[in-house]
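Shown next: run_23.cif, containing mmCIF, N, CA and C atoms.
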data_upload
loop_
_atom_site.label_atom_id
_atom_site.label_comp_id
_atom_site.auth_asym_id
_atom_site.auth_seq_id
_atom_site.Cartn_x
_atom_site.Cartn_y
_atom_site.Cartn_z
N MET U 1 0.82 -1.19 0.00
CA MET U 1 0.00 0.00 0.00
C MET U 1 0.86 1.26 0.00
N ILE U 2 1.94 1.23 0.77
CA ILE U 2 2.78 2.41 0.87
C ILE U 2 3.51 2.68 -0.45
N ARG U 3 3.72 1.64 -1.25
CA ARG U 3 4.38 1.83 -2.55
C ARG U 3 3.48 2.55 -3.54
N GLN U 4 2.17 2.46 -3.31
CA GLN U 4 1.22 3.12 -4.20
C GLN U 4 0.92 4.55 -3.77
N ALA U 5 1.54 5.00 -2.72
CA ALA U 5 1.27 6.35 -2.22
C ALA U 5 1.78 7.39 -3.22
N ARG U 6 0.99 8.40 -3.42
CA ARG U 6 1.38 9.52 -4.28
C ARG U 6 1.97 10.59 -3.38
N TRP U 7 3.29 10.54 -3.22
CA TRP U 7 3.98 11.38 -2.25
C TRP U 7 3.90 12.85 -2.60
N GLY U 8 3.75 13.18 -3.86
CA GLY U 8 3.59 14.58 -4.25
C GLY U 8 2.33 15.18 -3.64
N ALA U 9 1.24 14.42 -3.73
CA ALA U 9 -0.02 14.89 -3.15
C ALA U 9 0.05 14.96 -1.63
N ILE U 10 0.77 14.03 -1.03
CA ILE U 10 0.91 14.01 0.43
C ILE U 10 1.72 15.22 0.91
N VAL U 11 2.81 15.52 0.22
CA VAL U 11 3.63 16.66 0.60
C VAL U 11 2.89 17.98 0.37
N ILE U 12 2.19 18.09 -0.76
CA ILE U 12 1.40 19.29 -1.03
C ILE U 12 0.33 19.46 0.06
N GLY U 13 -0.30 18.38 0.46
CA GLY U 13 -1.29 18.44 1.53
C GLY U 13 -0.68 18.89 2.85
N ALA U 14 0.49 18.36 3.18
CA ALA U 14 1.16 18.75 4.43
C ALA U 14 1.55 20.22 4.41
N VAL U 15 2.04 20.71 3.28
CA VAL U 15 2.41 22.13 3.17
C VAL U 15 1.17 23.01 3.28
N ALA U 16 0.08 22.61 2.62
CA ALA U 16 -1.16 23.37 2.71
C ALA U 16 -1.68 23.38 4.15
N GLY U 17 -1.60 22.25 4.82
CA GLY U 17 -2.02 22.18 6.22
C GLY U 17 -1.17 23.06 7.12
N LEU U 18 0.13 23.10 6.85
CA LEU U 18 1.02 23.96 7.63
C LEU U 18 0.67 25.43 7.42
N PHE U 19 0.36 25.80 6.18
CA PHE U 19 -0.04 27.17 5.90
C PHE U 19 -1.33 27.53 6.64
N ILE U 20 -2.33 26.65 6.56
CA ILE U 20 -3.60 26.88 7.26
C ILE U 20 -3.36 26.98 8.76
N MET U 21 -2.50 26.13 9.28
CA MET U 21 -2.20 26.13 10.70
C MET U 21 -1.60 27.46 11.14
N VAL U 22 -0.66 27.97 10.37
CA VAL U 22 -0.02 29.24 10.71
C VAL U 22 -1.02 30.39 10.64
N VAL U 23 -1.83 30.42 9.61
CA VAL U 23 -2.81 31.51 9.45
C VAL U 23 -3.83 31.49 10.59
N ILE U 24 -4.40 30.34 10.88
CA ILE U 24 -5.40 30.26 11.96
C ILE U 24 -4.76 30.59 13.30
N GLY U 25 -3.57 30.07 13.54
CA GLY U 25 -2.88 30.37 14.80
C GLY U 25 -2.64 31.85 14.98
N LEU U 26 -2.18 32.52 13.92
CA LEU U 26 -1.95 33.96 14.01
C LEU U 26 -3.23 34.74 14.23
N VAL U 27 -4.27 34.38 13.52
CA VAL U 27 -5.55 35.09 13.68
C VAL U 27 -6.09 34.93 15.10
N VAL U 28 -6.07 33.72 15.62
CA VAL U 28 -6.59 33.50 16.97
C VAL U 28 -5.70 34.16 18.02
N PHE U 29 -4.39 34.08 17.86
CA PHE U 29 -3.49 34.75 18.81
C PHE U 29 -3.68 36.26 18.79
N LEU U 30 -3.81 36.85 17.60
CA LEU U 30 -4.01 38.29 17.51
C LEU U 30 -5.35 38.72 18.09
N ALA U 31 -6.38 37.90 17.84
CA ALA U 31 -7.69 38.21 18.41
C ALA U 31 -7.65 38.11 19.93
N ALA U 32 -6.96 37.11 20.46
CA ALA U 32 -6.85 36.96 21.91
C ALA U 32 -6.07 38.12 22.51
N ALA U 33 -5.01 38.55 21.83
CA ALA U 33 -4.23 39.68 22.33
C ALA U 33 -5.05 40.97 22.29
N ALA U 34 -5.86 41.12 21.25
CA ALA U 34 -6.70 42.32 21.14
C ALA U 34 -7.77 42.35 22.23
N LEU U 35 -8.19 41.17 22.66
CA LEU U 35 -9.20 41.10 23.72
C LEU U 35 -8.58 41.14 25.11
N GLY U 36 -7.25 41.22 25.17
CA GLY U 36 -6.56 41.36 26.45
C GLY U 36 -6.20 40.07 27.14
N ALA U 37 -6.15 38.97 26.40
CA ALA U 37 -5.77 37.69 27.02
C ALA U 37 -4.27 37.69 27.30
N SER U 38 -3.89 37.10 28.41
CA SER U 38 -2.47 37.00 28.75
C SER U 38 -1.97 35.59 28.46
N ALA U 39 -0.69 35.41 28.63
CA ALA U 39 -0.08 34.10 28.37
C ALA U 39 -0.54 33.06 29.39
N ASP U 40 -1.06 33.51 30.54
CA ASP U 40 -1.52 32.58 31.56
C ASP U 40 -2.94 32.07 31.28
N ASP U 41 -3.64 32.71 30.36
CA ASP U 41 -5.00 32.28 30.02
C ASP U 41 -4.97 31.02 29.17
N LEU U 42 -6.15 30.47 28.95
CA LEU U 42 -6.25 29.28 28.11
C LEU U 42 -6.32 29.63 26.63
N ALA U 43 -6.41 30.90 26.29
CA ALA U 43 -6.54 31.30 24.88
C ALA U 43 -5.37 30.82 24.02
N PRO U 44 -4.13 30.97 24.47
CA PRO U 44 -3.03 30.46 23.63
C PRO U 44 -3.09 28.95 23.40
N LEU U 45 -3.48 28.20 24.41
CA LEU U 45 -3.60 26.75 24.25
C LEU U 45 -4.76 26.39 23.31
N PHE U 46 -5.85 27.13 23.44
CA PHE U 46 -7.00 26.92 22.56
C PHE U 46 -6.60 27.23 21.12
N ALA U 47 -5.87 28.33 20.92
CA ALA U 47 -5.44 28.70 19.58
C ALA U 47 -4.53 27.64 18.99
N LEU U 48 -3.64 27.11 19.79
CA LEU U 48 -2.74 26.06 19.32
C LEU U 48 -3.51 24.80 18.92
N ALA U 49 -4.47 24.40 19.74
CA ALA U 49 -5.24 23.19 19.44
C ALA U 49 -6.09 23.38 18.19
N VAL U 50 -6.78 24.52 18.08
CA VAL U 50 -7.61 24.77 16.90
C VAL U 50 -6.75 24.80 15.64
N ALA U 51 -5.62 25.50 15.70
CA ALA U 51 -4.75 25.59 14.54
C ALA U 51 -4.18 24.22 14.16
N LEU U 52 -3.77 23.44 15.14
CA LEU U 52 -3.20 22.12 14.88
C LEU U 52 -4.23 21.19 14.23
N PHE U 53 -5.41 21.13 14.81
CA PHE U 53 -6.43 20.22 14.27
C PHE U 53 -6.95 20.68 12.92
N ALA U 54 -7.13 21.98 12.74
CA ALA U 54 -7.59 22.49 11.44
C ALA U 54 -6.53 22.26 10.37
N GLY U 55 -5.27 22.41 10.73
CA GLY U 55 -4.19 22.15 9.77
C GLY U 55 -4.13 20.70 9.34
N GLN U 56 -4.34 19.80 10.26
CA GLN U 56 -4.33 18.38 9.92
C GLN U 56 -5.52 18.01 9.03
N LEU U 57 -6.67 18.59 9.32
CA LEU U 57 -7.85 18.37 8.48
C LEU U 57 -7.62 18.93 7.08
N ALA U 58 -7.03 20.13 7.01
CA ALA U 58 -6.75 20.75 5.71
C ALA U 58 -5.71 19.97 4.92
N ALA U 59 -4.72 19.41 5.62
CA ALA U 59 -3.72 18.59 4.94
C ALA U 59 -4.38 17.38 4.29
N GLY U 60 -5.25 16.72 5.02
CA GLY U 60 -5.96 15.57 4.46
C GLY U 60 -6.88 15.96 3.32
N TYR U 61 -7.57 17.10 3.47
CA TYR U 61 -8.48 17.57 2.43
C TYR U 61 -7.73 17.83 1.13
N THR U 62 -6.62 18.53 1.24
CA THR U 62 -5.84 18.87 0.05
C THR U 62 -5.29 17.61 -0.61
N SER U 63 -4.78 16.70 0.18
CA SER U 63 -4.28 15.45 -0.37
C SER U 63 -5.41 14.64 -1.00
N GLY U 64 -6.57 14.65 -0.37
CA GLY U 64 -7.72 13.92 -0.91
C GLY U 64 -8.21 14.49 -2.23
N ARG U 65 -8.10 15.81 -2.41
CA ARG U 65 -8.51 16.43 -3.67
C ARG U 65 -7.61 15.96 -4.82
N PHE U 66 -6.34 15.76 -4.53
CA PHE U 66 -5.40 15.32 -5.56
C PHE U 66 -5.47 13.82 -5.83
N THR U 67 -6.00 13.06 -4.91
CA THR U 67 -6.00 11.60 -5.05
C THR U 67 -7.40 11.03 -4.92
N ALA U 68 -8.39 11.74 -5.43
CA ALA U 68 -9.79 11.33 -5.26
C ALA U 68 -10.05 9.93 -5.84
N ALA U 69 -9.36 9.57 -6.89
CA ALA U 69 -9.60 8.27 -7.52
C ALA U 69 -8.76 7.15 -6.92
N THR U 70 -7.77 7.48 -6.11
CA THR U 70 -6.85 6.45 -5.61
C THR U 70 -6.72 6.51 -4.10
N ASN U 71 -7.73 6.09 -3.40
CA ASN U 71 -7.71 5.96 -1.95
C ASN U 71 -7.38 7.27 -1.22
N PRO U 72 -8.30 8.22 -1.24
CA PRO U 72 -8.05 9.51 -0.61
C PRO U 72 -7.95 9.44 0.91
N ALA U 73 -8.61 8.49 1.54
CA ALA U 73 -8.53 8.37 2.99
C ALA U 73 -7.11 8.01 3.42
N PHE U 74 -6.49 7.10 2.70
CA PHE U 74 -5.11 6.70 2.99
C PHE U 74 -4.16 7.87 2.80
N HIS U 75 -4.29 8.57 1.68
CA HIS U 75 -3.41 9.70 1.40
C HIS U 75 -3.65 10.85 2.39
N GLY U 76 -4.90 11.07 2.77
CA GLY U 76 -5.20 12.10 3.76
C GLY U 76 -4.60 11.79 5.11
N SER U 77 -4.67 10.52 5.51
CA SER U 77 -4.09 10.16 6.81
C SER U 77 -2.57 10.30 6.79
N LEU U 78 -1.94 9.98 5.68
CA LEU U 78 -0.49 10.17 5.58
C LEU U 78 -0.12 11.65 5.58
N ALA U 79 -0.93 12.48 4.92
CA ALA U 79 -0.65 13.92 4.91
C ALA U 79 -0.77 14.49 6.33
N GLY U 80 -1.80 14.08 7.07
CA GLY U 80 -1.94 14.52 8.46
C GLY U 80 -0.78 14.04 9.31
N LEU U 81 -0.33 12.82 9.08
CA LEU U 81 0.79 12.28 9.85
C LEU U 81 2.11 12.99 9.51
N VAL U 82 2.32 13.29 8.23
CA VAL U 82 3.53 14.02 7.84
C VAL U 82 3.53 15.41 8.47
N LEU U 83 2.38 16.08 8.44
CA LEU U 83 2.29 17.40 9.06
C LEU U 83 2.56 17.31 10.56
N TYR U 84 2.00 16.30 11.20
CA TYR U 84 2.25 16.11 12.63
C TYR U 84 3.73 15.84 12.90
N GLY U 85 4.37 15.07 12.03
CA GLY U 85 5.80 14.81 12.19
C GLY U 85 6.62 16.09 12.11
N ILE U 86 6.26 16.99 11.19
CA ILE U 86 6.96 18.27 11.07
C ILE U 86 6.79 19.08 12.34
N ILE U 87 5.55 19.20 12.81
CA ILE U 87 5.27 20.00 14.00
C ILE U 87 5.93 19.38 15.23
N SER U 88 5.90 18.07 15.35
CA SER U 88 6.52 17.40 16.49
C SER U 88 8.03 17.59 16.48
N ALA U 89 8.63 17.50 15.32
CA ALA U 89 10.09 17.69 15.22
C ALA U 89 10.47 19.11 15.63
N LEU U 90 9.69 20.09 15.18
CA LEU U 90 9.96 21.48 15.56
C LEU U 90 9.79 21.68 17.07
N SER U 91 8.75 21.06 17.62
CA SER U 91 8.49 21.18 19.05
C SER U 91 9.60 20.53 19.87
N LEU U 92 10.03 19.35 19.46
CA LEU U 92 11.10 18.67 20.18
C LEU U 92 12.42 19.42 20.05
N ALA U 93 12.67 19.99 18.88
CA ALA U 93 13.90 20.78 18.69
C ALA U 93 13.89 22.04 19.55
N ALA U 94 12.69 22.55 19.85
CA ALA U 94 12.59 23.76 20.68
C ALA U 94 12.71 23.44 22.16
N GLY U 95 12.79 22.17 22.52
CA GLY U 95 13.02 21.81 23.91
C GLY U 95 11.82 21.20 24.62
N SER U 96 10.72 20.98 23.92
CA SER U 96 9.56 20.34 24.52
C SER U 96 9.90 18.89 24.86
N GLN U 97 9.38 18.39 25.97
CA GLN U 97 9.66 17.03 26.39
C GLN U 97 8.35 16.29 26.71
N PRO U 98 7.55 16.00 25.69
CA PRO U 98 6.30 15.29 25.94
C PRO U 98 6.56 13.81 26.22
N ALA U 99 5.61 13.21 26.89
CA ALA U 99 5.69 11.76 27.14
C ALA U 99 5.44 11.02 25.83
N LEU U 100 5.94 9.80 25.75
CA LEU U 100 5.81 9.01 24.53
C LEU U 100 4.35 8.76 24.18
N TYR U 101 3.51 8.49 25.18
CA TYR U 101 2.10 8.23 24.89
C TYR U 101 1.42 9.47 24.34
N THR U 102 1.87 10.66 24.72
CA THR U 102 1.30 11.88 24.16
C THR U 102 1.62 11.98 22.67
N LEU U 103 2.85 11.68 22.31
CA LEU U 103 3.23 11.71 20.90
C LEU U 103 2.44 10.69 20.09
N VAL U 104 2.28 9.50 20.63
CA VAL U 104 1.56 8.44 19.93
C VAL U 104 0.08 8.78 19.78
N MET U 105 -0.52 9.29 20.83
CA MET U 105 -1.95 9.63 20.77
C MET U 105 -2.22 10.77 19.79
N PHE U 106 -1.37 11.79 19.80
CA PHE U 106 -1.57 12.89 18.86
C PHE U 106 -1.27 12.46 17.43
N ALA U 107 -0.38 11.49 17.24
CA ALA U 107 -0.16 10.95 15.90
C ALA U 107 -1.42 10.23 15.41
N ALA U 108 -2.08 9.51 16.30
CA ALA U 108 -3.32 8.84 15.93
C ALA U 108 -4.41 9.86 15.59
N VAL U 109 -4.49 10.92 16.38
CA VAL U 109 -5.46 11.99 16.09
C VAL U 109 -5.16 12.63 14.74
N ALA U 110 -3.88 12.86 14.44
CA ALA U 110 -3.49 13.45 13.16
C ALA U 110 -3.91 12.56 12.00
N MET U 111 -3.76 11.25 12.17
CA MET U 111 -4.15 10.33 11.10
C MET U 111 -5.66 10.31 10.91
N VAL U 112 -6.41 10.35 12.00
CA VAL U 112 -7.87 10.34 11.89
C VAL U 112 -8.38 11.63 11.25
N LEU U 113 -7.85 12.78 11.69
CA LEU U 113 -8.27 14.05 11.10
C LEU U 113 -7.84 14.14 9.64
N GLY U 114 -6.64 13.67 9.32
CA GLY U 114 -6.21 13.66 7.93
C GLY U 114 -7.07 12.75 7.08
N MET U 115 -7.45 11.60 7.63
CA MET U 115 -8.31 10.69 6.89
C MET U 115 -9.68 11.31 6.65
N ALA U 116 -10.24 11.96 7.66
CA ALA U 116 -11.53 12.63 7.50
C ALA U 116 -11.42 13.73 6.44
N GLY U 117 -10.34 14.48 6.47
CA GLY U 117 -10.13 15.50 5.46
C GLY U 117 -9.99 14.91 4.06
N GLY U 118 -9.30 13.80 3.95
CA GLY U 118 -9.16 13.14 2.66
C GLY U 118 -10.49 12.67 2.09
N VAL U 119 -11.33 12.12 2.94
CA VAL U 119 -12.65 11.67 2.50
C VAL U 119 -13.49 12.87 2.07
N LEU U 120 -13.43 13.96 2.86
CA LEU U 120 -14.18 15.17 2.48
C LEU U 120 -13.65 15.77 1.18
N GLY U 121 -12.34 15.75 1.01
CA GLY U 121 -11.75 16.32 -0.19
C GLY U 121 -12.06 15.52 -1.44
N ALA U 122 -12.31 14.25 -1.32
CA ALA U 122 -12.58 13.40 -2.48
C ALA U 122 -14.04 13.43 -2.90
N ARG U 123 -14.90 14.00 -2.08
CA ARG U 123 -16.32 14.06 -2.45
C ARG U 123 -16.49 14.92 -3.68
N PRO U 124 -17.32 14.49 -4.61
CA PRO U 124 -17.53 15.30 -5.82
C PRO U 124 -18.26 16.60 -5.48
N ARG U 125 -17.84 17.66 -6.11
CA ARG U 125 -18.51 18.95 -5.94
C ARG U 125 -19.73 18.98 -6.83
N ASP U 126 -20.56 19.98 -6.68
CA ASP U 126 -21.79 20.08 -7.47
C ASP U 126 -21.50 20.12 -8.96
N GLU U 127 -20.46 20.87 -9.36
CA GLU U 127 -20.14 20.97 -10.79
C GLU U 127 -19.50 19.71 -11.33
N GLU U 128 -19.01 18.82 -10.45
CA GLU U 128 -18.39 17.58 -10.89
C GLU U 128 -19.41 16.44 -10.97
N ALA U 129 -20.52 16.57 -10.27
CA ALA U 129 -21.51 15.49 -10.21
C ALA U 129 -22.34 15.40 -11.46
#

Please, can you express the file's structure as structure tokens?
Amino acid sequence: MIRQARWGAIVIGAVAGLFIMVVIGLVVFLAAAALGASADDLAPLFALAVALFAGQLAAGYTSGRFTAATNPAFHGSLAGLVLYGIISALSLAAGSQPALYTLVMFAAVAMVLGMAGGVLGARPRDEEA
């Protein structure tokens, strides 16, 4: 199955998800700062979670659009996992020390969100039906 993966679509999906993640994170952080939230509030954590999950969904969606005829759920889950690998590597390089089960559980969440995005991305649009 992995030999049939279209890595171009997976990488494009991961890059698109990273872009969406950065944009949503910045918008939510700026909105929280404008409303007077401090670093001790839950707003920064909420922004991080929303941006992370939306980025993984977008990665799967983009990958699914490119691979609609060839197992978009598989490609979406790989795109979400690749995006999670990038974010995890950056986080670990910055000095974060999460427990192993945290990394594994969030990898599973990334695959599920990427798979959901891939399935949504492969659905025919009105003009395609």

I need the residues of chain U that end up classed as alpha helix (DSSP H) by DSSP on the backbone, written out as a VMD selection string. chain U and resid 7 to 34 43 to 66 72 to 93 100 to 122

Quick one: pull the distance between atom C of Leu48 in chain U and atom C of Met21 in chain U, Å, one decimal.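 We find that atom C of Leu48 in chain U and atom C of Met21 in chain U lie 8.4 Å from each other.
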
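Of the listed residues (U:Ala59, U:Val104, U:Val50, U:Val109), U:Val50 comes nearest to Gly25 in chain U; the distances count only N, CA and C atoms.
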
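Between atom C of Ala108 in chain U and CA of Phe46 in chain U the separation is 18.6 Å.
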
Please provide as a PDB file with N, CA and C atoms, in the coordinates of the input all residues within 5 Å of range 111-120 of chain U, with the sequence filter that same-chain residues fewer than 3 positions apart are discarded (counting all atoms listed in the file).
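Saved result, out-v4.pdb, follows:
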ATOM      1  N   GLN U  56      -4.340  19.800  10.260  1.00  0.00           N
ATOM      2  CA  GLN U  56      -4.330  18.380   9.920  1.00  0.00           C
ATOM      3  C   GLN U  56      -5.520  18.010   9.030  1.00  0.00           C
ATOM      4  N   LEU U  57      -6.670  18.590   9.320  1.00  0.00           N
ATOM      5  CA  LEU U  57      -7.850  18.370   8.480  1.00  0.00           C
ATOM      6  C   LEU U  57      -7.620  18.930   7.080  1.00  0.00           C
ATOM      7  N   GLY U  60      -5.250  16.720   5.020  1.00  0.00           N
ATOM      8  CA  GLY U  60      -5.960  15.570   4.460  1.00  0.00           C
ATOM      9  C   GLY U  60      -6.880  15.960   3.320  1.00  0.00           C
ATOM     10  N   TYR U  61      -7.570  17.100   3.470  1.00  0.00           N
ATOM     11  CA  TYR U  61      -8.480  17.570   2.430  1.00  0.00           C
ATOM     12  C   TYR U  61      -7.730  17.830   1.130  1.00  0.00           C
ATOM     13  N   GLY U  64      -6.570  14.650  -0.370  1.00  0.00           N
ATOM     14  CA  GLY U  64      -7.720  13.920  -0.910  1.00  0.00           C
ATOM     15  C   GLY U  64      -8.210  14.490  -2.230  1.00  0.00           C
ATOM     16  N   PRO U  72      -8.300   8.220  -1.240  1.00  0.00           N
ATOM     17  CA  PRO U  72      -8.050   9.510  -0.610  1.00  0.00           C
ATOM     18  C   PRO U  72      -7.950   9.440   0.910  1.00  0.00           C
ATOM     19  N   ALA U  73      -8.610   8.490   1.540  1.00  0.00           N
ATOM     20  CA  ALA U  73      -8.530   8.370   2.990  1.00  0.00           C
ATOM     21  C   ALA U  73      -7.110   8.010   3.420  1.00  0.00           C
ATOM     22  N   GLY U  76      -4.900  11.070   2.770  1.00  0.00           N
ATOM     23  CA  GLY U  76      -5.200  12.100   3.760  1.00  0.00           C
ATOM     24  C   GLY U  76      -4.600  11.790   5.110  1.00  0.00           C
ATOM     25  N   SER U  77      -4.670  10.520   5.510  1.00  0.00           N
ATOM     26  CA  SER U  77      -4.090  10.160   6.810  1.00  0.00           C
ATOM     27  C   SER U  77      -2.570  10.300   6.790  1.00  0.00           C
ATOM     28  N   GLY U  80      -1.800  14.080   7.070  1.00  0.00           N
ATOM     29  CA  GLY U  80      -1.940  14.520   8.460  1.00  0.00           C
ATOM     30  C   GLY U  80      -0.780  14.040   9.310  1.00  0.00           C
ATOM     31  N   LEU U  81      -0.330  12.820   9.080  1.00  0.00           N
ATOM     32  CA  LEU U  81       0.790  12.280   9.850  1.00  0.00           C
ATOM     33  C   LEU U  81       2.110  12.990   9.510  1.00  0.00           C
ATOM     34  N   ALA U 107      -0.380  11.490  17.240  1.00  0.00           N
ATOM     35  CA  ALA U 107      -0.160  10.950  15.900  1.00  0.00           C
ATOM     36  C   ALA U 107      -1.420  10.230  15.410  1.00  0.00           C
ATOM     37  N   ALA U 108      -2.080   9.510  16.300  1.00  0.00           N
ATOM     38  CA  ALA U 108      -3.320   8.840  15.930  1.00  0.00           C
ATOM     39  C   ALA U 108      -4.410   9.860  15.590  1.00  0.00           C
ATOM     40  N   ARG U 123     -14.900  14.000  -2.080  1.00  0.00           N
ATOM     41  CA  ARG U 123     -16.320  14.060  -2.450  1.00  0.00           C
ATOM     42  C   ARG U 123     -16.490  14.920  -3.680  1.00  0.00           C
TER      43      ARG U 123
END

Which value, in Å to one decimal, gives the distance between CA of Leu18 in chain U and CA of Val82 in chain U? 10.3 Å

Have range 111-119 of chain U completed to all heavy atoms, please, and pass it along as a CSV table (one decimal), in the coordinates of the input.
chain,number,residue,atom,x,y,z
U,111,MET,N,-3.8,11.2,12.2
U,111,MET,CA,-4.2,10.3,11.1
U,111,MET,C,-5.7,10.3,10.9
U,111,MET,O,-6.1,10.3,9.8
U,111,MET,CB,-3.6,8.9,11.4
U,111,MET,CG,-2.1,8.8,11.3
U,111,MET,SD,-1.5,7.2,11.6
U,111,MET,CE,-2.1,6.3,10.2
U,112,VAL,N,-6.4,10.4,12.0
U,112,VAL,CA,-7.9,10.3,11.9
U,112,VAL,C,-8.4,11.6,11.2
U,112,VAL,O,-9.2,11.6,10.4
U,112,VAL,CB,-8.5,10.1,13.3
U,112,VAL,CG1,-10.0,10.4,13.2
U,112,VAL,CG2,-8.2,8.7,13.8
U,113,LEU,N,-7.8,12.8,11.7
U,113,LEU,CA,-8.3,14.0,11.1
U,113,LEU,C,-7.8,14.1,9.6
U,113,LEU,O,-8.6,14.6,8.8
U,113,LEU,CB,-7.7,15.2,11.9
U,113,LEU,CG,-8.3,15.5,13.3
U,113,LEU,CD1,-7.6,16.5,14.0
U,113,LEU,CD2,-9.8,15.9,13.1
U,114,GLY,N,-6.6,13.7,9.3
U,114,GLY,CA,-6.2,13.7,7.9
U,114,GLY,C,-7.1,12.8,7.1
U,114,GLY,O,-7.4,13.1,5.9
U,115,MET,N,-7.4,11.6,7.6
U,115,MET,CA,-8.3,10.7,6.9
U,115,MET,C,-9.7,11.3,6.6
U,115,MET,O,-10.2,11.2,5.5
U,115,MET,CB,-8.5,9.4,7.7
U,115,MET,CG,-9.3,8.4,6.9
U,115,MET,SD,-9.5,6.7,7.7
U,115,MET,CE,-8.7,6.8,9.2
U,116,ALA,N,-10.2,12.0,7.7
U,116,ALA,CA,-11.5,12.6,7.5
U,116,ALA,C,-11.4,13.7,6.4
U,116,ALA,O,-12.3,13.9,5.6
U,116,ALA,CB,-12.0,13.2,8.8
U,117,GLY,N,-10.3,14.5,6.5
U,117,GLY,CA,-10.1,15.5,5.5
U,117,GLY,C,-10.0,14.9,4.1
U,117,GLY,O,-10.5,15.5,3.1
U,118,GLY,N,-9.3,13.8,4.0
U,118,GLY,CA,-9.2,13.1,2.7
U,118,GLY,C,-10.5,12.7,2.1
U,118,GLY,O,-10.8,12.8,0.9
U,119,VAL,N,-11.3,12.1,2.9
U,119,VAL,CA,-12.6,11.7,2.5
U,119,VAL,C,-13.5,12.9,2.1
U,119,VAL,O,-14.2,12.8,1.0
U,119,VAL,CB,-13.3,10.9,3.6
U,119,VAL,CG1,-14.8,10.6,3.3
U,119,VAL,CG2,-12.6,9.6,3.8
